[in-house]
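Content type compact mmCIF, N, CA and C atoms and all ligand atoms, from the file entry_34.txt:
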```txt
# COMPACT_ATOMS: atom_id res chain seq x y z
N MET A 1 -8.39 -12.54 -1.73
CA MET A 1 -7.18 -12.76 -0.93
C MET A 1 -7.50 -12.55 0.55
N ASP A 2 -6.85 -13.34 1.39
CA ASP A 2 -7.04 -13.24 2.84
C ASP A 2 -5.97 -12.30 3.43
N THR A 3 -6.08 -12.08 4.73
CA THR A 3 -5.14 -11.17 5.40
C THR A 3 -4.61 -11.79 6.69
N VAL A 4 -3.31 -11.74 6.85
CA VAL A 4 -2.69 -12.06 8.14
C VAL A 4 -2.25 -10.72 8.73
N TYR A 5 -2.65 -10.44 9.96
CA TYR A 5 -2.33 -9.12 10.50
C TYR A 5 -1.61 -9.17 11.85
N ILE A 6 -0.92 -8.07 12.12
CA ILE A 6 -0.23 -7.87 13.40
C ILE A 6 -0.61 -6.47 13.86
N ARG A 7 -1.11 -6.35 15.06
CA ARG A 7 -1.48 -5.00 15.55
C ARG A 7 -0.69 -4.65 16.80
N GLY A 8 -0.24 -3.41 16.84
CA GLY A 8 0.38 -2.88 18.06
C GLY A 8 1.75 -3.46 18.36
N LEU A 9 2.50 -3.82 17.32
CA LEU A 9 3.86 -4.32 17.54
C LEU A 9 4.76 -3.14 17.95
N LYS A 10 5.36 -3.27 19.12
CA LYS A 10 6.15 -2.16 19.64
C LYS A 10 7.65 -2.42 19.42
N ALA A 11 8.38 -1.38 18.97
CA ALA A 11 9.84 -1.50 18.84
C ALA A 11 10.47 -0.17 19.22
N ARG A 12 11.65 -0.24 19.78
CA ARG A 12 12.35 0.97 20.24
C ARG A 12 13.50 1.25 19.28
N THR A 13 13.55 2.50 18.80
CA THR A 13 14.54 2.80 17.77
C THR A 13 14.93 4.28 17.76
N VAL A 14 16.06 4.55 17.13
CA VAL A 14 16.47 5.93 16.88
C VAL A 14 15.79 6.37 15.59
N VAL A 15 14.88 7.35 15.69
CA VAL A 15 14.23 7.88 14.49
C VAL A 15 13.84 9.33 14.75
N GLY A 16 14.26 10.22 13.84
CA GLY A 16 13.91 11.63 14.03
C GLY A 16 14.97 12.54 13.47
N ILE A 17 14.57 13.81 13.33
CA ILE A 17 15.44 14.78 12.68
C ILE A 17 16.17 15.69 13.66
N PHE A 18 15.74 15.65 14.92
CA PHE A 18 16.33 16.57 15.90
C PHE A 18 17.46 15.90 16.69
N GLU A 19 18.34 16.77 17.20
CA GLU A 19 19.54 16.27 17.91
C GLU A 19 19.14 15.33 19.05
N TRP A 20 18.11 15.71 19.84
CA TRP A 20 17.72 14.85 20.97
C TRP A 20 17.18 13.50 20.49
N GLU A 21 16.60 13.51 19.30
CA GLU A 21 16.05 12.24 18.77
C GLU A 21 17.16 11.31 18.29
N ARG A 22 18.33 11.87 17.95
CA ARG A 22 19.46 11.04 17.53
C ARG A 22 20.10 10.38 18.75
N ARG A 23 19.85 10.96 19.95
CA ARG A 23 20.45 10.42 21.18
C ARG A 23 19.52 9.46 21.91
N LEU A 24 18.20 9.76 21.87
CA LEU A 24 17.25 9.00 22.69
C LEU A 24 16.35 8.11 21.83
N PRO A 25 16.45 6.81 21.95
CA PRO A 25 15.54 5.93 21.21
C PRO A 25 14.08 6.17 21.62
N GLN A 26 13.16 5.99 20.66
CA GLN A 26 11.73 6.19 20.92
C GLN A 26 10.96 4.95 20.51
N ASP A 27 9.76 4.81 21.05
CA ASP A 27 8.91 3.69 20.67
C ASP A 27 8.15 4.01 19.38
N VAL A 28 8.10 3.04 18.49
CA VAL A 28 7.15 3.12 17.37
C VAL A 28 6.22 1.92 17.49
N ILE A 29 4.96 2.14 17.11
CA ILE A 29 3.96 1.08 17.17
C ILE A 29 3.53 0.77 15.74
N LEU A 30 3.52 -0.51 15.41
CA LEU A 30 3.25 -0.90 14.02
C LEU A 30 1.98 -1.73 13.92
N ASP A 31 1.15 -1.38 12.95
CA ASP A 31 0.02 -2.24 12.56
C ASP A 31 0.32 -2.71 11.14
N ILE A 32 0.29 -4.02 10.93
CA ILE A 32 0.70 -4.59 9.66
C ILE A 32 -0.40 -5.51 9.13
N GLU A 33 -0.75 -5.34 7.85
CA GLU A 33 -1.71 -6.26 7.21
C GLU A 33 -1.03 -6.86 5.99
N MET A 34 -0.99 -8.18 5.92
CA MET A 34 -0.30 -8.86 4.82
C MET A 34 -1.28 -9.73 4.06
N SER A 35 -1.34 -9.55 2.76
CA SER A 35 -2.24 -10.40 1.99
C SER A 35 -1.64 -11.79 1.91
N ALA A 36 -2.51 -12.79 2.01
CA ALA A 36 -2.06 -14.18 1.99
C ALA A 36 -3.25 -15.06 1.64
N ASP A 37 -3.00 -16.12 0.91
CA ASP A 37 -4.04 -17.12 0.67
C ASP A 37 -3.88 -18.18 1.77
N VAL A 38 -4.80 -18.21 2.72
CA VAL A 38 -4.62 -19.08 3.89
C VAL A 38 -5.22 -20.47 3.69
N ARG A 39 -5.73 -20.75 2.50
CA ARG A 39 -6.45 -22.02 2.31
C ARG A 39 -5.54 -23.25 2.47
N THR A 40 -4.31 -23.16 1.98
CA THR A 40 -3.41 -24.32 2.09
C THR A 40 -3.11 -24.62 3.56
N ALA A 41 -2.81 -23.57 4.32
CA ALA A 41 -2.53 -23.77 5.76
C ALA A 41 -3.78 -24.27 6.49
N ALA A 42 -4.94 -23.75 6.11
CA ALA A 42 -6.18 -24.18 6.76
C ALA A 42 -6.45 -25.66 6.50
N ALA A 43 -6.10 -26.11 5.29
CA ALA A 43 -6.35 -27.52 4.94
C ALA A 43 -5.34 -28.45 5.61
N SER A 44 -4.07 -28.03 5.68
CA SER A 44 -3.02 -28.92 6.22
C SER A 44 -2.88 -28.81 7.74
N ASP A 45 -3.29 -27.67 8.29
CA ASP A 45 -3.11 -27.38 9.72
C ASP A 45 -1.62 -27.41 10.10
N ALA A 46 -0.76 -27.02 9.15
CA ALA A 46 0.69 -27.05 9.38
C ALA A 46 1.26 -25.65 9.30
N ILE A 47 2.06 -25.26 10.31
CA ILE A 47 2.65 -23.92 10.34
C ILE A 47 3.56 -23.68 9.13
N ALA A 48 4.13 -24.76 8.60
CA ALA A 48 5.02 -24.63 7.43
C ALA A 48 4.26 -24.07 6.22
N ASP A 49 2.96 -24.23 6.20
CA ASP A 49 2.16 -23.73 5.08
C ASP A 49 1.60 -22.34 5.35
N ALA A 50 1.88 -21.81 6.51
CA ALA A 50 1.29 -20.52 6.90
C ALA A 50 2.31 -19.39 6.81
N LEU A 51 1.80 -18.19 6.66
CA LEU A 51 2.63 -16.99 6.81
C LEU A 51 2.74 -16.77 8.32
N ASN A 52 3.89 -17.09 8.88
CA ASN A 52 4.07 -17.17 10.33
C ASN A 52 4.21 -15.76 10.93
N TYR A 53 3.13 -15.28 11.58
CA TYR A 53 3.16 -13.90 12.09
C TYR A 53 4.21 -13.72 13.18
N LYS A 54 4.54 -14.80 13.90
CA LYS A 54 5.58 -14.69 14.94
C LYS A 54 6.95 -14.42 14.30
N GLU A 55 7.23 -15.09 13.19
CA GLU A 55 8.50 -14.88 12.49
C GLU A 55 8.56 -13.48 11.89
N VAL A 56 7.43 -12.99 11.38
CA VAL A 56 7.39 -11.63 10.83
C VAL A 56 7.67 -10.62 11.94
N CYS A 57 7.02 -10.81 13.09
CA CYS A 57 7.23 -9.90 14.23
C CYS A 57 8.70 -9.87 14.62
N LYS A 58 9.31 -11.04 14.71
CA LYS A 58 10.72 -11.14 15.13
C LYS A 58 11.63 -10.38 14.15
N ALA A 59 11.42 -10.61 12.86
CA ALA A 59 12.27 -9.99 11.83
C ALA A 59 12.06 -8.48 11.79
N VAL A 60 10.81 -8.04 11.88
CA VAL A 60 10.52 -6.60 11.80
C VAL A 60 11.09 -5.89 13.03
N LYS A 61 10.88 -6.47 14.19
CA LYS A 61 11.37 -5.83 15.43
C LYS A 61 12.90 -5.71 15.40
N ALA A 62 13.58 -6.76 14.99
CA ALA A 62 15.05 -6.73 14.91
C ALA A 62 15.51 -5.67 13.91
N HIS A 63 14.83 -5.60 12.78
CA HIS A 63 15.18 -4.62 11.75
C HIS A 63 14.98 -3.19 12.27
N VAL A 64 13.83 -2.93 12.88
CA VAL A 64 13.52 -1.58 13.36
C VAL A 64 14.50 -1.18 14.46
N GLU A 65 14.80 -2.10 15.36
CA GLU A 65 15.66 -1.75 16.50
C GLU A 65 17.10 -1.51 16.06
N ALA A 66 17.49 -2.05 14.90
CA ALA A 66 18.86 -1.85 14.40
C ALA A 66 18.96 -0.62 13.49
N SER A 67 17.81 -0.03 13.14
CA SER A 67 17.81 1.07 12.17
C SER A 67 18.03 2.42 12.86
N GLU A 68 18.42 3.41 12.05
CA GLU A 68 18.66 4.77 12.60
C GLU A 68 18.24 5.82 11.57
N TYR A 69 17.03 5.72 11.06
CA TYR A 69 16.58 6.66 10.03
C TYR A 69 16.18 7.99 10.63
N GLN A 70 16.17 9.01 9.76
CA GLN A 70 15.71 10.34 10.17
C GLN A 70 14.18 10.42 10.09
N LEU A 71 13.62 9.88 9.01
CA LEU A 71 12.19 10.06 8.72
C LEU A 71 11.40 8.76 8.91
N VAL A 72 10.14 8.93 9.35
CA VAL A 72 9.26 7.76 9.45
C VAL A 72 8.98 7.19 8.06
N GLU A 73 9.02 8.03 7.04
CA GLU A 73 8.81 7.58 5.66
C GLU A 73 9.84 6.50 5.28
N THR A 74 11.11 6.79 5.60
CA THR A 74 12.19 5.87 5.23
C THR A 74 12.09 4.58 6.04
N LEU A 75 11.79 4.73 7.33
CA LEU A 75 11.65 3.54 8.18
C LEU A 75 10.49 2.67 7.68
N ALA A 76 9.35 3.29 7.39
CA ALA A 76 8.17 2.53 6.94
C ALA A 76 8.49 1.79 5.64
N GLU A 77 9.12 2.48 4.70
CA GLU A 77 9.45 1.86 3.41
C GLU A 77 10.38 0.65 3.61
N SER A 78 11.32 0.79 4.53
CA SER A 78 12.27 -0.32 4.76
C SER A 78 11.56 -1.53 5.35
N ILE A 79 10.51 -1.29 6.14
CA ILE A 79 9.76 -2.40 6.75
C ILE A 79 8.92 -3.13 5.71
N THR A 80 8.21 -2.38 4.87
CA THR A 80 7.38 -3.05 3.85
C THR A 80 8.27 -3.83 2.88
N ARG A 81 9.43 -3.27 2.56
CA ARG A 81 10.37 -3.94 1.66
C ARG A 81 10.81 -5.28 2.26
N LEU A 82 11.16 -5.25 3.56
CA LEU A 82 11.59 -6.48 4.23
C LEU A 82 10.48 -7.54 4.18
N ILE A 83 9.25 -7.13 4.46
CA ILE A 83 8.15 -8.10 4.53
C ILE A 83 7.87 -8.70 3.14
N VAL A 84 7.82 -7.84 2.14
CA VAL A 84 7.53 -8.33 0.78
C VAL A 84 8.63 -9.28 0.30
N LEU A 85 9.88 -8.88 0.49
CA LEU A 85 10.99 -9.66 -0.08
C LEU A 85 11.36 -10.87 0.77
N GLU A 86 11.39 -10.74 2.09
CA GLU A 86 11.83 -11.88 2.91
C GLU A 86 10.74 -12.89 3.17
N PHE A 87 9.48 -12.44 3.15
CA PHE A 87 8.38 -13.37 3.45
C PHE A 87 7.51 -13.64 2.23
N ASP A 88 7.95 -13.13 1.08
CA ASP A 88 7.25 -13.37 -0.18
C ASP A 88 5.76 -13.01 -0.09
N VAL A 89 5.50 -11.85 0.50
CA VAL A 89 4.12 -11.38 0.68
C VAL A 89 3.74 -10.51 -0.52
N PRO A 90 2.64 -10.81 -1.20
CA PRO A 90 2.28 -10.04 -2.40
C PRO A 90 1.96 -8.58 -2.14
N ARG A 91 1.32 -8.32 -1.00
CA ARG A 91 0.89 -6.95 -0.71
C ARG A 91 0.88 -6.72 0.79
N VAL A 92 1.39 -5.56 1.22
CA VAL A 92 1.42 -5.27 2.65
C VAL A 92 1.00 -3.83 2.90
N SER A 93 0.24 -3.67 3.97
CA SER A 93 -0.17 -2.34 4.38
C SER A 93 0.39 -2.11 5.79
N LEU A 94 0.97 -0.94 6.00
CA LEU A 94 1.65 -0.67 7.27
C LEU A 94 1.23 0.69 7.82
N VAL A 95 0.86 0.71 9.09
CA VAL A 95 0.69 1.97 9.81
C VAL A 95 1.82 2.05 10.84
N LEU A 96 2.59 3.13 10.75
CA LEU A 96 3.69 3.34 11.71
C LEU A 96 3.33 4.54 12.56
N ASN A 97 3.17 4.31 13.84
CA ASN A 97 2.72 5.31 14.78
C ASN A 97 3.91 5.72 15.66
N LYS A 98 4.27 6.99 15.61
CA LYS A 98 5.39 7.47 16.43
C LYS A 98 4.81 8.17 17.64
N LYS A 99 4.41 7.39 18.60
CA LYS A 99 3.73 7.91 19.80
C LYS A 99 4.67 8.80 20.59
N GLY A 100 4.14 9.90 21.06
CA GLY A 100 4.96 10.74 21.93
C GLY A 100 5.91 11.67 21.20
N ALA A 101 5.85 11.70 19.86
CA ALA A 101 6.78 12.55 19.10
C ALA A 101 6.42 14.02 19.27
N LEU A 102 5.13 14.31 19.34
CA LEU A 102 4.67 15.70 19.49
C LEU A 102 3.86 15.82 20.78
N THR A 103 4.14 16.85 21.55
CA THR A 103 3.41 17.01 22.82
C THR A 103 1.95 17.39 22.58
N ASP A 104 1.66 18.08 21.49
CA ASP A 104 0.29 18.56 21.25
C ASP A 104 -0.58 17.60 20.44
N ALA A 105 -0.04 16.46 20.09
CA ALA A 105 -0.83 15.49 19.30
C ALA A 105 -0.80 14.13 20.00
N ALA A 106 -1.92 13.44 19.94
CA ALA A 106 -1.99 12.12 20.59
C ALA A 106 -0.96 11.19 19.96
N ASP A 107 -0.88 11.20 18.67
CA ASP A 107 0.16 10.47 17.97
C ASP A 107 0.28 10.97 16.54
N VAL A 108 1.39 10.66 15.91
CA VAL A 108 1.62 11.03 14.51
C VAL A 108 2.23 9.80 13.83
N GLY A 109 2.20 9.79 12.52
CA GLY A 109 2.80 8.65 11.84
C GLY A 109 2.49 8.62 10.37
N ILE A 110 2.52 7.43 9.82
CA ILE A 110 2.41 7.27 8.38
C ILE A 110 1.71 5.95 8.06
N ARG A 111 0.97 5.95 6.97
CA ARG A 111 0.35 4.71 6.48
C ARG A 111 0.81 4.51 5.04
N ILE A 112 1.37 3.34 4.72
CA ILE A 112 1.75 3.08 3.33
C ILE A 112 1.31 1.67 2.94
N GLU A 113 1.15 1.48 1.64
CA GLU A 113 0.78 0.18 1.10
C GLU A 113 1.72 -0.12 -0.05
N ARG A 114 2.32 -1.31 -0.05
CA ARG A 114 3.28 -1.68 -1.09
C ARG A 114 3.01 -3.11 -1.55
N GLY A 115 3.47 -3.39 -2.79
CA GLY A 115 3.32 -4.73 -3.33
C GLY A 115 4.60 -5.19 -3.99
N ARG A 116 4.58 -6.45 -4.47
CA ARG A 116 5.78 -7.00 -5.12
C ARG A 116 6.27 -6.11 -6.25
N GLU A 117 5.30 -5.50 -6.96
CA GLU A 117 5.68 -4.67 -8.12
C GLU A 117 6.58 -3.50 -7.72
N ASP A 118 6.42 -3.05 -6.47
CA ASP A 118 7.24 -1.92 -6.01
C ASP A 118 8.70 -2.29 -5.81
N TYR A 119 8.95 -3.59 -5.65
CA TYR A 119 10.32 -4.05 -5.39
C TYR A 119 10.78 -5.03 -6.46
N ALA A 120 10.16 -4.96 -7.63
CA ALA A 120 10.45 -5.93 -8.70
C ALA A 120 11.92 -5.88 -9.10
N ASP A 121 12.50 -4.68 -9.18
CA ASP A 121 13.91 -4.57 -9.59
C ASP A 121 14.81 -5.25 -8.57
N VAL A 122 14.47 -5.12 -7.27
CA VAL A 122 15.28 -5.75 -6.22
C VAL A 122 15.17 -7.26 -6.32
N SER A 123 13.94 -7.79 -6.51
CA SER A 123 13.74 -9.25 -6.58
C SER A 123 14.55 -9.82 -7.73
N GLN A 124 14.54 -9.12 -8.88
CA GLN A 124 15.26 -9.63 -10.04
C GLN A 124 16.76 -9.60 -9.81
N ALA A 125 17.25 -8.53 -9.20
CA ALA A 125 18.69 -8.40 -8.94
C ALA A 125 19.15 -9.49 -7.97
N GLU A 126 18.31 -9.80 -6.94
CA GLU A 126 18.70 -10.80 -5.94
C GLU A 126 18.63 -12.21 -6.51
N ALA A 127 17.72 -12.41 -7.49
CA ALA A 127 17.57 -13.74 -8.10
C ALA A 127 18.73 -14.08 -9.01
N SER A 128 19.36 -13.05 -9.63
CA SER A 128 20.41 -13.35 -10.62
C SER A 128 21.79 -13.37 -9.97
N1 LIG B 201 6.46 13.70 7.37
C1 LIG B 201 7.28 13.76 8.45
N2 LIG B 201 7.26 14.83 9.23
C2 LIG B 201 8.06 14.89 10.31
C3 LIG B 201 8.92 13.83 10.64
C4 LIG B 201 8.93 12.69 9.77
O1 LIG B 201 9.67 11.70 9.98
N3 LIG B 201 8.09 12.70 8.70
N4 LIG B 201 9.69 13.89 11.75
C5 LIG B 201 9.66 14.93 12.57
C6 LIG B 201 10.40 14.92 13.86
O2 LIG B 201 11.43 13.96 13.90
C7 LIG B 201 9.33 14.69 14.94
O3 LIG B 201 8.95 13.32 14.98
C8 LIG B 201 9.72 15.14 16.31
O4 LIG B 201 9.31 16.45 16.48
C9 LIG B 201 8.85 16.12 12.29
N5 LIG B 201 8.04 15.99 11.11
```
Could you render the structure as structure tokens?
Amino acid sequence: MDTVYIRGLKARTVVGIFEWERRLPQDVILDIEMSADVRTAAASDAIADALNYKEVCKAVKAHVEASEYQLVETLAESITRLIVLEFDVPRVSLVLNKKGALTDAADVGIRIERGREDYADVSQAEAS
């Protein structure tokens, strides 16, 4: 399987457990790797056959900026769910970097990997 990736996607959102974090939006930086078979797009040279990374960026940024989660875990899970279900991606790996959250650390965050099987119940419910 091939990979379509996005690195360093920046979005501003309310995320955190402290009172000041509920008031002040912060930047999160996302690195995303999506499994994809790129052979059809390579043969046709048509964007319609490709996993369009610009469309993924647009959808993820809009989703993150509208969200208000407490934990990076919840935010990360919601992003992988969106990518798998809305873009029909078999497997996605996400690094969510919450830069500036801790003064004594360069950055903190979370890395998760999810696949269609993780959201199988949702896919079935939406199909019926
Ligand atoms: N595993 C996690 N630990 C912490 C989180 C989190 O979302 N997941 N969040 C915080 C605070 O909001 C922090 O970002 C600001 O001090 C602390 N630990």
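Using all atoms listed in the file, residues with at least one atom at most 6 Å away from any atom of ligand LIG 201 (chain B) are Val15, Gly16, Ile17, Phe18, Gln70, Leu71, Val72, Glu73, Ala101 and Leu102 of chain A.
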Step by step: start from the point (-4.5, -21.4, 3.2) in the file's coordinates, keep every protein, DNA or RNA residue that has an atom no farther than 12 Å from it, count only C-alpha atoms, and write the set as number ranges by chain. A: 1-4, 35-52
Counting all atoms listed in the file, figure out which residue out of A:Arg116, A:Arg81, A:His63, A:Arg111 gets nearest to Asn97 of chain A. A:Arg111
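Atom N of Leu94 of chain A is found 21.6 Å from atom C of Pro25 of chain A.
With distances taken over only N, CA and C atoms, A:Ile32 is the one residue among A:Ile32, A:Val84, A:Thr74, A:Ala59 lying closest to Arg7 of chain A.
The space between atom C of Asp88 of chain A and atom N of Leu30 of chain A spans 20.0 Å.
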Taking all atoms of segment 11-28 of chain A that the file lists and extending 8 Å past them on each side, where is the centre of the axis-aligned box and how long are its edges? Answer in Å to one decimal, as lines of an AutoDock Vina configuration file.
```
center_x = 13.3
center_y = 7.6
center_z = 17.7
size_x = 30.2
size_y = 34.3
size_z = 26.0
```
Spatial neighbours of Val92 of chain A, max dist 6.5 Å, only N, CA and C atoms, sep filter under 3 positions, as a ChimeraX atom specification: /A:33-35,80,89,112-115
If we count only N, CA and C atoms and set the cut-off at 7 Å, which residues sit around Val64 of chain A, ignoring sequence neighbours fewer than 4 positions away in its own chain? Please answer as a VMD selection string. chain A and resid 11 to 14 59 to 60 68
Check chain A with DSSP on the backbone and list each residue it calls strand (DSSP E or B), as a PyMOL selection string. chain A and resi 2-13+26-36+91-99+107-115
Point-to-point distance in Å for atom N of Leu96 of chain A and atom C of Leu75 of chain A: 8.5 Å
